[in-house]
Each structure stands twice: as structure tokens, then as C-alpha cells.
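**Q** The file below is work-v1.txt, compact mmCIF, C-alpha atoms:
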# COMPACT_ATOMS: atom_id res chain seq x y z
CA MET D 284 0.00 0.00 0.00
CA THR D 285 1.30 3.45 -0.90
CA GLN D 286 2.14 5.62 2.09
CA PRO D 287 -0.01 8.78 2.06
CA PRO D 288 1.77 12.13 2.34
CA ARG D 289 2.67 12.66 5.98
CA LEU D 290 3.58 15.59 8.15
CA LEU D 291 7.36 15.70 8.23
CA ALA D 292 9.36 15.73 11.43
CA GLU D 293 10.59 19.23 12.21
CA TRP D 294 14.22 18.19 12.08
CA LYS D 295 13.98 17.29 8.37
CA ARG D 296 15.86 19.61 6.00
CA GLN D 297 14.08 22.96 5.51
CA ASP D 298 13.68 25.48 2.70
CA ALA D 299 12.99 28.35 5.09
CA VAL D 300 11.27 29.46 8.27
CA LEU D 301 8.23 31.74 8.06
CA MET D 302 7.68 34.57 10.55
CA SER D 303 5.08 37.36 10.76
CA TRP D 304 6.27 40.84 11.72
CA PRO D 305 4.50 42.58 14.66
CA THR D 306 2.74 45.86 13.82
CA LYS D 307 1.07 48.70 15.72
CA ASN D 308 -2.32 47.26 14.77
CA MET D 309 -1.71 44.13 16.85
CA ASP D 310 -1.71 43.56 20.60
CA TRP D 311 2.03 44.27 20.55
CA SER D 312 1.39 48.00 20.06
CA THR D 313 2.18 49.11 23.63
CA TYR D 314 5.69 47.65 23.50
CA LEU D 315 6.31 47.48 19.77
CA SER D 316 9.97 48.47 19.99
CA ASP D 317 10.66 45.71 22.53
CA ILE D 318 9.04 43.00 20.43
CA HIS D 319 10.78 44.21 17.28
CA THR D 320 14.10 43.81 19.08
CA THR D 321 13.15 40.22 19.99
CA TYR D 322 12.06 39.40 16.45
CA GLU D 323 15.26 40.87 15.07
CA GLU D 324 17.32 38.66 17.38
CA ILE D 325 15.34 35.54 16.46
CA ILE D 326 15.61 36.24 12.74
CA LEU D 327 19.33 37.02 12.84
CA THR D 328 19.88 33.81 14.79
CA LEU D 329 17.90 31.80 12.24
CA LEU D 330 19.82 33.38 9.37
CA ARG D 331 22.94 31.62 10.63
CA PHE D 332 21.30 28.33 9.61
CA VAL D 333 18.36 28.82 7.22
CA ASP D 334 16.56 31.28 4.97
CA VAL D 335 13.74 33.28 6.58
CA VAL D 336 10.57 34.49 4.84
CA LEU D 337 9.24 37.50 6.74
CA ILE D 338 5.57 38.35 6.31
CA THR D 339 5.22 42.14 6.73
CA PRO D 340 1.59 43.29 6.93
CA PRO D 341 0.57 46.84 5.95
CA ASP D 342 2.01 49.54 8.25
CA SER D 343 5.02 47.35 9.13
CA GLU D 344 8.00 49.28 10.44
CA VAL D 345 11.26 47.44 9.78
CA LYS D 346 14.51 49.24 10.58
CA GLU D 347 17.16 49.56 7.90
CA THR D 348 19.86 48.83 10.48
CA PHE D 349 18.30 45.41 11.05
CA LEU D 350 17.87 44.76 7.33
CA SER D 351 21.55 45.61 6.76
CA LYS D 352 22.57 43.01 9.34
CA ALA D 353 20.23 40.50 7.75
CA ARG D 354 21.72 41.09 4.29
CA ALA D 355 25.16 40.38 5.70
CA SER D 356 24.05 37.04 7.14
CA ARG D 357 24.99 33.64 5.78
CA PHE D 358 21.44 32.89 4.65
CA THR D 359 18.80 35.05 2.97
CA LEU D 360 15.98 37.11 4.42
CA TYR D 361 13.01 37.31 2.05
CA ARG D 362 10.09 39.65 2.54
CA VAL D 363 6.43 39.19 1.59
CA SER D 364 4.57 42.48 2.00
CA GLY D 365 0.94 43.49 2.15
CA ILE D 366 -0.80 40.43 3.63
CA GLU D 367 -3.10 41.57 6.44
CA LEU D 368 -2.91 39.61 9.67
CA ASN D 369 -4.54 39.67 13.10
CA ASP D 370 -1.41 38.54 14.95
CA THR D 371 2.03 36.98 14.65
CA TRP D 372 1.49 33.37 15.79
CA ILE D 373 2.15 31.81 12.39
CA ARG D 374 2.69 28.35 13.90
CA ASP D 375 -1.07 28.11 14.29
CA TYR D 376 -2.29 29.57 10.99
CA GLY D 377 0.63 28.77 8.70
CA PRO D 378 0.82 25.90 6.18
CA LEU D 379 1.30 22.32 7.34
CA CYS D 380 3.41 20.54 4.71
CA VAL D 381 3.02 16.83 4.01
CA SER D 382 5.06 14.62 1.68
CA ASP D 383 5.33 10.94 0.75
CA GLY D 384 9.04 11.22 -0.07
CA LEU D 385 8.37 10.26 -3.70
CA GLY D 386 7.46 13.68 -5.04
CA ARG D 387 3.89 13.99 -3.80
CA LYS D 388 3.67 17.18 -1.74
CA GLU D 389 0.67 18.97 -0.31
CA VAL D 390 -0.13 21.95 1.89
CA VAL D 391 -2.85 21.16 4.43
CA ASP D 392 -4.98 24.15 5.45
CA PHE D 393 -7.06 23.73 8.62
CA THR D 394 -9.25 26.45 10.08
CA PHE D 395 -7.71 28.70 12.72
CA ASN D 396 -10.40 30.33 14.87
CA GLY D 397 -8.31 32.11 17.50
CA TRP D 398 -8.02 29.07 19.80
CA GLY D 399 -11.72 28.47 20.18
CA GLY D 400 -12.93 32.00 19.40
CA LYS D 401 -10.90 33.84 22.03
CA PHE D 402 -9.50 36.36 19.55
CA ALA D 403 -10.21 37.72 16.08
CA ALA D 404 -8.64 35.38 13.54
CA ASP D 405 -10.32 36.03 10.18
CA LYS D 406 -7.18 37.48 8.53
CA ASP D 407 -4.88 34.87 10.03
CA ASN D 408 -7.22 32.10 8.90
CA ALA D 409 -6.98 33.34 5.30
CA PHE D 410 -3.17 33.37 5.30
CA THR D 411 -2.31 29.87 4.06
CA LYS D 412 -4.69 30.03 1.08
CA HIS D 413 -3.47 33.53 0.24
CA PHE D 414 0.17 32.46 0.46
CA TYR D 415 -0.48 29.40 -1.70
CA ASP D 416 -2.50 31.29 -4.33
CA ALA D 417 0.30 33.87 -4.60
CA GLY D 418 2.46 31.14 -6.14
CA TYR D 419 5.09 30.87 -3.43
CA PHE D 420 5.06 27.07 -3.52
CA LEU D 421 6.57 24.97 -6.31
CA GLU D 422 4.19 23.84 -9.04
CA ASN D 423 4.14 20.21 -7.85
CA VAL D 424 2.88 21.22 -4.38
CA ARG D 425 -0.89 20.83 -4.12
CA TYR D 426 -3.31 22.62 -1.79
CA ARG D 427 -5.58 20.53 0.43
CA ASP D 428 -8.59 22.36 1.82
CA ALA D 429 -9.33 21.03 5.33
CA ARG D 430 -10.99 24.21 6.59
CA ASP D 431 -14.05 22.37 7.84
CA PHE D 432 -11.83 21.21 10.73
CA VAL D 433 -10.26 23.42 13.40
CA PHE D 434 -6.67 22.53 14.21
CA GLU D 435 -3.43 24.41 14.85
CA GLY D 436 0.20 23.71 14.04
CA GLY D 437 1.22 24.11 17.67
CA ALA D 438 -1.19 21.34 18.64
CA ILE D 439 0.80 18.60 16.89
CA ASP D 440 4.35 17.27 17.09
CA VAL D 441 5.59 14.30 15.07
CA SER D 442 8.49 11.91 14.81
CA ASN D 443 9.83 10.60 11.52
CA GLU D 444 8.00 7.32 12.14
CA CYS D 445 4.46 8.57 11.38
CA GLU D 446 3.80 9.05 15.10
CA GLY D 447 2.19 12.19 16.51
CA LEU D 448 1.59 13.87 19.85
CA THR D 449 -1.34 16.11 20.74
CA THR D 450 -3.34 16.90 23.89
CA ARG D 451 -6.80 16.01 25.11
CA SER D 452 -7.45 19.57 26.31
CA VAL D 453 -7.14 20.99 22.79
CA LEU D 454 -9.39 18.35 21.22
CA THR D 455 -12.11 18.66 23.85
CA TYR D 456 -12.35 22.46 23.97
CA PRO D 457 -15.99 23.19 23.00
CA ASN D 458 -15.46 25.96 20.43
CA ARG D 459 -13.21 24.02 18.08
CA ASN D 460 -14.82 20.90 16.60
CA LYS D 461 -17.96 18.87 17.06
CA GLY D 462 -17.61 15.17 17.66
CA GLY D 463 -15.65 13.18 20.18
CA LEU D 464 -12.02 12.25 20.52
CA ARG D 465 -12.31 9.23 18.26
CA SER D 466 -13.63 11.14 15.24
CA GLN D 467 -11.15 13.98 15.71
CA LYS D 468 -8.26 11.55 16.06
CA LYS D 469 -9.27 9.79 12.85
CA ARG D 470 -9.43 13.10 10.99
CA ILE D 471 -5.97 14.19 12.18
CA LEU D 472 -4.45 10.81 11.31
CA THR D 473 -5.96 11.00 7.83
CA GLU D 474 -5.07 14.60 7.02
CA LEU D 475 -1.51 14.41 8.33
CA GLY D 476 -0.68 10.89 7.15
CA LEU D 477 0.07 9.56 10.62
CA GLU D 478 -0.18 5.98 11.83
CA VAL D 479 -0.25 6.73 15.56
CA LEU D 480 -1.61 9.75 17.44
CA ASN D 481 -0.94 9.83 21.17
CA ILE D 482 -3.35 12.09 23.03
CA LEU D 483 -1.74 13.36 26.24
CA SER D 484 -3.83 14.11 29.32
CA THR D 485 -1.61 16.87 30.72
CA SER D 486 -3.18 20.18 31.79
CA PRO D 487 -2.43 23.47 30.01
CA LEU D 488 0.23 25.76 31.46
CA GLU D 489 -1.02 28.73 33.45
CA GLY D 490 -1.73 31.65 31.13
CA ASP D 491 -1.81 29.50 27.97
CA ASP D 492 -4.40 30.84 25.50
CA THR D 493 -4.11 27.72 23.34
CA ASP D 494 -5.76 25.39 25.88
CA GLY D 495 -2.68 23.20 26.06
CA HIS D 496 -0.75 23.02 22.82
CA VAL D 497 1.69 20.14 22.89
CA ASP D 498 4.53 22.43 21.74
CA THR D 499 4.41 24.16 25.12
CA MET D 500 4.88 20.90 27.03
CA THR D 501 6.11 17.74 25.31
CA ARG D 502 8.18 17.33 22.13
CA PHE D 503 9.99 14.75 20.05
CA VAL D 504 13.77 15.20 19.85
CA GLY D 505 14.34 12.28 17.52
CA ASN D 506 12.32 9.15 16.89
CA LEU D 507 13.21 7.54 20.23
CA ASP D 508 13.47 10.57 22.51
CA ILE D 509 10.82 12.85 24.00
CA VAL D 510 11.37 15.87 26.26
CA THR D 511 8.70 17.15 28.59
CA CYS D 512 8.41 19.98 31.10
CA VAL D 513 5.17 18.75 32.70
CA ASP D 514 4.40 15.82 34.98
CA MET D 515 3.34 12.75 33.02
CA ASP D 516 1.55 9.74 34.44
CA PRO D 517 4.16 6.91 34.63
CA LYS D 518 1.52 4.38 33.55
CA GLU D 519 0.70 6.48 30.50
CA VAL D 520 4.37 6.78 29.66
CA ARG D 521 5.00 3.04 29.94
CA ALA D 522 1.86 2.17 27.97
CA ARG D 523 2.49 4.53 25.09
CA TYR D 524 6.24 4.94 24.93
CA ALA D 525 7.70 1.55 25.75
CA ASP D 526 10.57 2.06 23.31
CA ILE D 527 11.02 5.80 23.82
CA TYR D 528 13.25 7.59 26.30
CA LEU D 529 11.56 10.36 28.28
CA HIS D 530 13.71 13.31 29.34
CA GLU D 531 12.62 16.07 31.70
CA LEU D 532 13.12 19.75 30.92
CA PRO D 533 13.02 22.26 33.76
CA MET D 534 10.55 25.11 33.97
CA PRO D 535 11.95 28.64 34.29
CA ASP D 536 11.28 30.71 37.36
CA PRO D 537 7.84 32.36 36.95
CA VAL D 538 7.76 35.03 34.26
CA LEU D 539 5.30 37.76 35.26
CA TRP D 540 3.89 40.59 33.16
CA GLU D 541 1.37 43.11 34.51
CA GLY D 542 0.80 40.86 37.50
CA GLU D 543 0.02 37.74 35.46
CA LYS D 544 2.08 34.58 35.17
CA LYS D 545 3.05 33.84 31.60
CA PRO D 546 3.39 30.36 30.00
CA ALA D 547 7.17 30.48 29.64
CA THR D 548 8.48 27.08 28.59
CA TYR D 549 11.69 25.65 27.16
CA ALA D 550 9.70 23.04 25.20
CA ASN D 551 8.77 25.77 22.71
CA PHE D 552 12.03 25.33 20.79
CA LEU D 553 12.46 25.16 17.02
CA PHE D 554 14.44 22.63 15.02
CA THR D 555 16.06 24.10 11.94
CA ASN D 556 18.94 23.19 9.65
CA GLY D 557 21.91 22.39 11.87
CA ALA D 558 20.44 23.89 15.03
CA ILE D 559 17.85 23.89 17.77
CA ILE D 560 16.79 27.44 18.67
CA VAL D 561 15.58 27.54 22.28
CA PRO D 562 13.66 30.29 24.09
CA THR D 563 15.29 31.60 27.26
CA TYR D 564 13.80 33.79 29.97
CA GLY D 565 16.56 35.59 31.84
CA ASP D 566 16.81 32.76 34.37
CA PRO D 567 20.52 31.91 34.56
CA VAL D 568 20.09 28.58 36.33
CA HIS D 569 17.19 27.07 34.40
CA ASP D 570 18.14 28.61 31.04
CA LYS D 571 21.55 26.96 31.34
CA GLU D 572 20.07 23.65 32.48
CA ALA D 573 17.59 23.47 29.59
CA LEU D 574 20.26 24.25 27.01
CA LYS D 575 22.57 21.65 28.56
CA ILE D 576 19.91 18.92 28.40
CA LEU D 577 19.21 19.57 24.73
CA ARG D 578 22.92 19.78 23.90
CA GLU D 579 23.48 16.39 25.49
CA MET D 580 20.72 14.93 23.32
CA THR D 581 22.15 15.99 19.97
CA THR D 582 25.64 15.74 18.50
CA THR D 583 24.74 17.06 15.05
CA ARG D 584 23.17 20.44 15.86
CA LEU D 585 24.11 23.59 17.68
CA VAL D 586 21.76 24.52 20.52
CA VAL D 587 21.28 28.29 20.65
CA GLY D 588 19.25 30.29 23.16
CA VAL D 589 17.30 33.48 22.36
CA ASP D 590 15.76 35.70 25.05
CA CYS D 591 11.96 35.47 24.64
CA ARG D 592 10.77 37.34 27.73
CA THR D 593 9.05 39.99 25.60
CA LEU D 594 7.53 37.39 23.28
CA VAL D 595 5.89 35.51 26.14
CA ARG D 596 4.04 38.67 27.28
CA GLN D 597 1.40 37.71 24.69
CA ASN D 598 1.34 34.10 25.95
CA GLY D 599 3.43 32.48 23.22
CA SER D 600 7.10 31.83 22.62
CA LEU D 601 9.61 31.01 19.91
CA HIS D 602 8.04 27.94 18.32
CA CYS D 603 4.65 29.67 18.27
CA ALA D 604 6.13 32.57 16.28
CA THR D 605 7.76 30.41 13.59
CA MET D 606 6.72 27.87 10.95
CA GLN D 607 9.29 25.76 9.12
CA ILE D 608 8.76 24.83 5.47
CA PRO D 609 10.44 21.56 4.43
CA LYS D 610 12.97 21.25 1.64
CA SER D 611 11.69 21.45 -1.98
CA PHE D 612 8.36 23.09 -1.17
CA LEU D 613 9.00 26.79 -1.82
CA ASP D 614 9.68 28.60 -5.10
CA LYS D 615 12.17 31.15 -3.81
CA THR D 616 12.38 32.89 -7.16
CA LYS D 617 8.97 34.39 -6.36
CA PHE D 618 10.22 36.12 -3.20
CA GLU D 619 11.73 39.57 -2.86
CA LYS D 620 15.00 39.75 -0.95
CA ALA D 621 14.74 42.10 2.01
For the file at hand, write its structure as C-alpha cells.
**A**
Amino acid sequence: MTQPPRLLAEWKRQDAVLMSWPTKNMDWSTYLSDIHTTYEEIILTLLRFVDVVLITPPDSEVKETFLSKARASRFTLYRVSGIELNDTWIRDYGPLCVSDGLGRKEVVDFTFNGWGGKFAADKDNAFTKHFYDAGYFLENVRYRDARDFVFEGGAIDVSNECEGLTTRSVLTYPNRNKGGLRSQKKRILTELGLEVLNILSTSPLEGDDTDGHVDTMTRFVGNLDIVTCVDMDPKEVRARYADIYLHELPMPDPVLWEGEKKPATYANFLFTNGAIIVPTYGDPVHDKEALKILREMTTTRLVVGVDCRTLVRQNGSLHCATMQIPKSFLDKTKFEKA
């Protein structure tokens, strides 16, 4: 039987990483300079390893000093201008790319409804179709319309063995999808070409708008290794991961903003070509410990920390703000260099 196109593990070779630039029309407006500094640092770090495609909505303010540094980087910063967006969390409204390894490639487009209708999401929800219709993908990449189903990129993590992780809390939130766990699980397996979908019973982190995205808590770091920063039931671990090693990540000291605890987590890292980019939070002890754990788990990638204290003010972190596009999906001749 032919293997259907499947969601590729994040550590597979990448064409580029997508990011959406914060503007004054978003919730970042009261500390726009601070968040621009954070985005600049993330992008310049990524440009050491991979091309970056920066989505700049109308009224974007991008400093020439930053662009000059980007142009001097090893890899290329591309810019796509004029697409209107509600917010910057492209992990949850960006394209999910599936491939069968034999040339069949598709972009899966689920509905993004602002994590169960918490926030306006109409412009974000239109992004993937807009980006595809603009011709930024290669001609052999097909578009798959799955917008009758609500699902977000941050809600899924996969190995290279057709195995996925998600969370019960996301699937059972009432303003996403009708139907029970069984029907939703079947739909996710089908759309993303997975053979196994493990549904974790862990509770969302305090302050998490997503209702418990798996990328805030538990991640694959290879086919036989999982890292987690939340308590997991030992029986669940033994039952579901008999052949997988479970490694614990620390949690940073509480990150507070305007009196509220923010969902700061080291699990919100990004794999890219030759590196793992890890959010840090100005916590010398736990930042160092998290980086050390990930460095000990990989001998083929650099592990690089980026301060994400400003990013987490809006309840997301580094992985939430990025979306990797696998190798041989993008037509880079269609992009404008920044």
C-alpha cells in the first residue's frame, strides 16, 4: 500500500522558516519596539542556519539597520509584503506541509479560529490560502482544503515514524470541533498521514491561550526521545512509549507581566537546519540547564538560546512565532529579498 503524504518531522531539511512581523495594529502595540528587538534577534539567529521568509503586513516598520545586518548574514531574508494579519502566531495559521518522499507534496490548510474564538482570527485564517495562491510554492505542491476542521500547528508534534503527539485539552475544547475524541483523532491521522496519534492528558500551562498546545509541554527530539516539562503519568508513559526515552526539561522561574504569570516554557524550541533554537527567559540557572539537556541529546546540531521574555508577554514563545517549510516546497524565485 502506498504511504499517504505525511507531516514531516521538524528536524527534516528545511527550505525556510516563516515569521510574521508585529505591527502597531496588533496587541504588541504598547511595546512594539521591545518585540521588534526580539524578532530581530530571532531572525538574525535563524539566518545563521536557514533562509527566513518574513511576512510584513501593511504599516510594518522594519529598521534599515536590522535589514543591513540580515543582508550580511549567511542565509537570505526574504520579505512578503501586504498580507493583512490579526497577529504573529504563524505556527497556528501557517501551512502544514506533508510529503510521501516520492514527489507527492501537499499543503494542508485547517481552520484557525483564534483558539476556540478567544481572539479575532479572520485574517490569520486566510493566510495559508493567500500564500499558496500567490504562487510561493513549487508547481508540484498541491493545496488541500481542510478548513471544515479546526486545528493548529502548535497542537501537533511528530516523529519521523508517522507518530504524533497532541493533547486532550485541545481536542475537547468546545469551540473548536464537534464530535468526540475518536472522530477527531481519525481526521488528524488521515489529514496528516500519521499511523499513531498519542493524546496526552496533561493540563495546560497557566496563562496559555491555546488550551494546552503540545509544543508548550512535550516534544519529540528524535524518533526515540521525548522531552517534557510537565508531569506525566508513569503508567501512560509506559503504555504509550515503551521504546522511547523520556527526558525532563526544567521550567523557568515564573515570568510575570502586569501581574500575570506567563506560560514560559523551554519546550517551545524550534528545530532548523543544523540547530535547535531555544527560548530563554533571563533565568541563569534554568536557562543553562535546559540548554545543557538539549545539547546532550544531539551531536549534530548547535543549541542556541534566544531571550523570549518579551515574546511571552502575549502568551506564546519562539516555536509559536515560527513555521518551518520543508525542503523542496518553496519557489524562492517568487520572493523579494529584504
**Q** For a test of reading the model, state the distance in Å between CA of Lys307 (chain D) and CA of Glu619 (chain D), rounded to one decimal.
**A**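 Rounded to one decimal, the two atoms are 23.3 Å apart.
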**Q** What is the distance, in Å and to one decimal place, between CA of Thr473 (chain D) and CA of Met500 (chain D)?
**A** 24.2 Å
**Q** Let me make sure I understand: among D:Arg502, D:Arg578, D:Arg374, D:Lys401, which one has the smallest atom-to-atom distance to Ile527 (chain D) if we use all atoms listed in the file?
**A** D:Arg502
**Q** Could you name the residues that touch Arg592 (chain D) at 10 Å or less, counting all atoms listed in the file, but leaving out those on the same chain fewer than 2 positions away, as JSON, numbers by chain?
**A** {"D": [317, 318, 321, 538, 539, 540, 545, 547, 562, 563, 564, 565, 589, 590, 594, 595, 596, 597, 599, 600]}
**Q** Under the rule of at most 12 Å, produce a per-residue listing of region 539-599 of chain D near region 425-449 of chain D: chain, number, name, the closest pair of atoms, and the distance in Å, as a Markdown table, using only C-alpha atoms.
**A**
| residue | atom | partner | partner_atom | distance |
| --- | --- | --- | --- | --- |
| D:Ala550 | CA | D:Asp440 | CA | 11.3 |
| D:Asn551 | CA | D:Gly437 | CA | 9.2 |
| D:Phe552 | CA | D:Gly437 | CA | 11.3 |
| D:Leu553 | CA | D:Gly437 | CA | 11.3 |
| D:Phe554 | CA | D:Asp440 | CA | 11.6 |
| D:Gly599 | CA | D:Gly437 | CA | 10.3 |
**Q** Name the residues in contact with region 457-470 of chain D at a cut-off of 10 Å, using all atoms listed in the file, excluding same-chain residues fewer than 4 positions from it; report them as a PyMOL selection string.
**A** chain D and resi 394-401+429+431-434+449+451-453+474-482
**Q** Take the residues from that selection and write them out as a CSV table (one decimal), keeping the file's coordinate frame, keeping C-alpha atoms.
**A**
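Produced file again.csv, reproduced below:
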chain,number,residue,atom,x,y,z
D,394,THR,CA,-9.2,26.4,10.1
D,395,PHE,CA,-7.7,28.7,12.7
D,396,ASN,CA,-10.4,30.3,14.9
D,397,GLY,CA,-8.3,32.1,17.5
D,398,TRP,CA,-8.0,29.1,19.8
D,399,GLY,CA,-11.7,28.5,20.2
D,400,GLY,CA,-12.9,32.0,19.4
D,401,LYS,CA,-10.9,33.8,22.0
D,429,ALA,CA,-9.3,21.0,5.3
D,431,ASP,CA,-14.0,22.4,7.8
D,432,PHE,CA,-11.8,21.2,10.7
D,433,VAL,CA,-10.3,23.4,13.4
D,434,PHE,CA,-6.7,22.5,14.2
D,449,THR,CA,-1.3,16.1,20.7
D,451,ARG,CA,-6.8,16.0,25.1
D,452,SER,CA,-7.4,19.6,26.3
D,453,VAL,CA,-7.1,21.0,22.8
D,474,GLU,CA,-5.1,14.6,7.0
D,475,LEU,CA,-1.5,14.4,8.3
D,476,GLY,CA,-0.7,10.9,7.2
D,477,LEU,CA,0.1,9.6,10.6
D,478,GLU,CA,-0.2,6.0,11.8
D,479,VAL,CA,-0.2,6.7,15.6
D,480,LEU,CA,-1.6,9.8,17.4
D,481,ASN,CA,-0.9,9.8,21.2
D,482,ILE,CA,-3.4,12.1,23.0
**Q** Arg331 (chain D): which residues within 8 Å, counting all atoms listed in the file, same-chain residues fewer than 5 positions away excluded, as a list in words?
**A**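 Skipping anything fewer than 5 positions along the chain leaves Ser356, Arg357 and Phe358 of chain D.
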**Q** Of the candidates D:Ala404, D:Val345, D:Val335, D:Ile326, which one gets nearest to Met309 (chain D) if we count all atoms listed in the file?
**A**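 Looking at the shortest contact to Met309 (chain D), the residue is D:Ala404.
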**Q** Could you tell me how far CA of Ile366 (chain D) lies from CA of Gly588 (chain D), in Å and to one decimal?
**A**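 Taking CA of Ile366 (chain D) and CA of Gly588 (chain D), their separation equals 29.8 Å.
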**Q** Restricting the calculation to only C-alpha atoms: of D:Thr493, D:Thr313, D:Gln297, D:Thr371, which residue gets closest to Leu329 (chain D)?
**A** D:Gln297
**Q** Quick one: residues within 10 Å of Gly386 (chain D), all atoms listed in the file, excluding same-chain residues fewer than 6 positions away - as number ranges by chain?
**A** D: 288, 423-424, 611
**Q** Using all atoms listed in the file, which of the listed residues (D:Phe503, D:Arg289, D:Trp311, D:Phe349) sits closest to Leu385 (chain D)?
**A**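 Nearest to Leu385 (chain D): D:Arg289.
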**Q** Can you list, as a list in words, every protein, DNA or RNA residue that comes within 8 Å of Thr359 (chain D) when you count all atoms listed in the file, leaving out same-chain residues fewer than 5 positions away?
**A**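 Non-adjacent residues within range: Leu330, Val333, Asp334, Val335, Ala353, Arg354 and Lys620 of chain D.
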**Q** Could you tell me which of D:Gly495, D:Pro609, D:Gly418, D:Gly490 comes closest to Leu454 (chain D) if we count all atoms listed in the file?
**A** D:Gly495
**Q** Quick one: of D:Asp492, D:Asp416, D:Pro537, D:Trp294, who's nearest to Arg584 (chain D), counting all atoms listed in the file?
**A**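 Using all atoms listed in the file, the shortest distance to Arg584 (chain D) belongs to D:Trp294.
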**Q** Could you give me the axis-aligned bounding box of region 302-320 of chain D, with 4 Å of padding per side, as centre plus edge lengths in Å to one decimal, as lines of an AutoDock Vina configuration file?
**A**
center_x = 5.9
center_y = 41.8
center_z = 17.1
size_x = 24.4
size_y = 22.5
size_z = 21.1
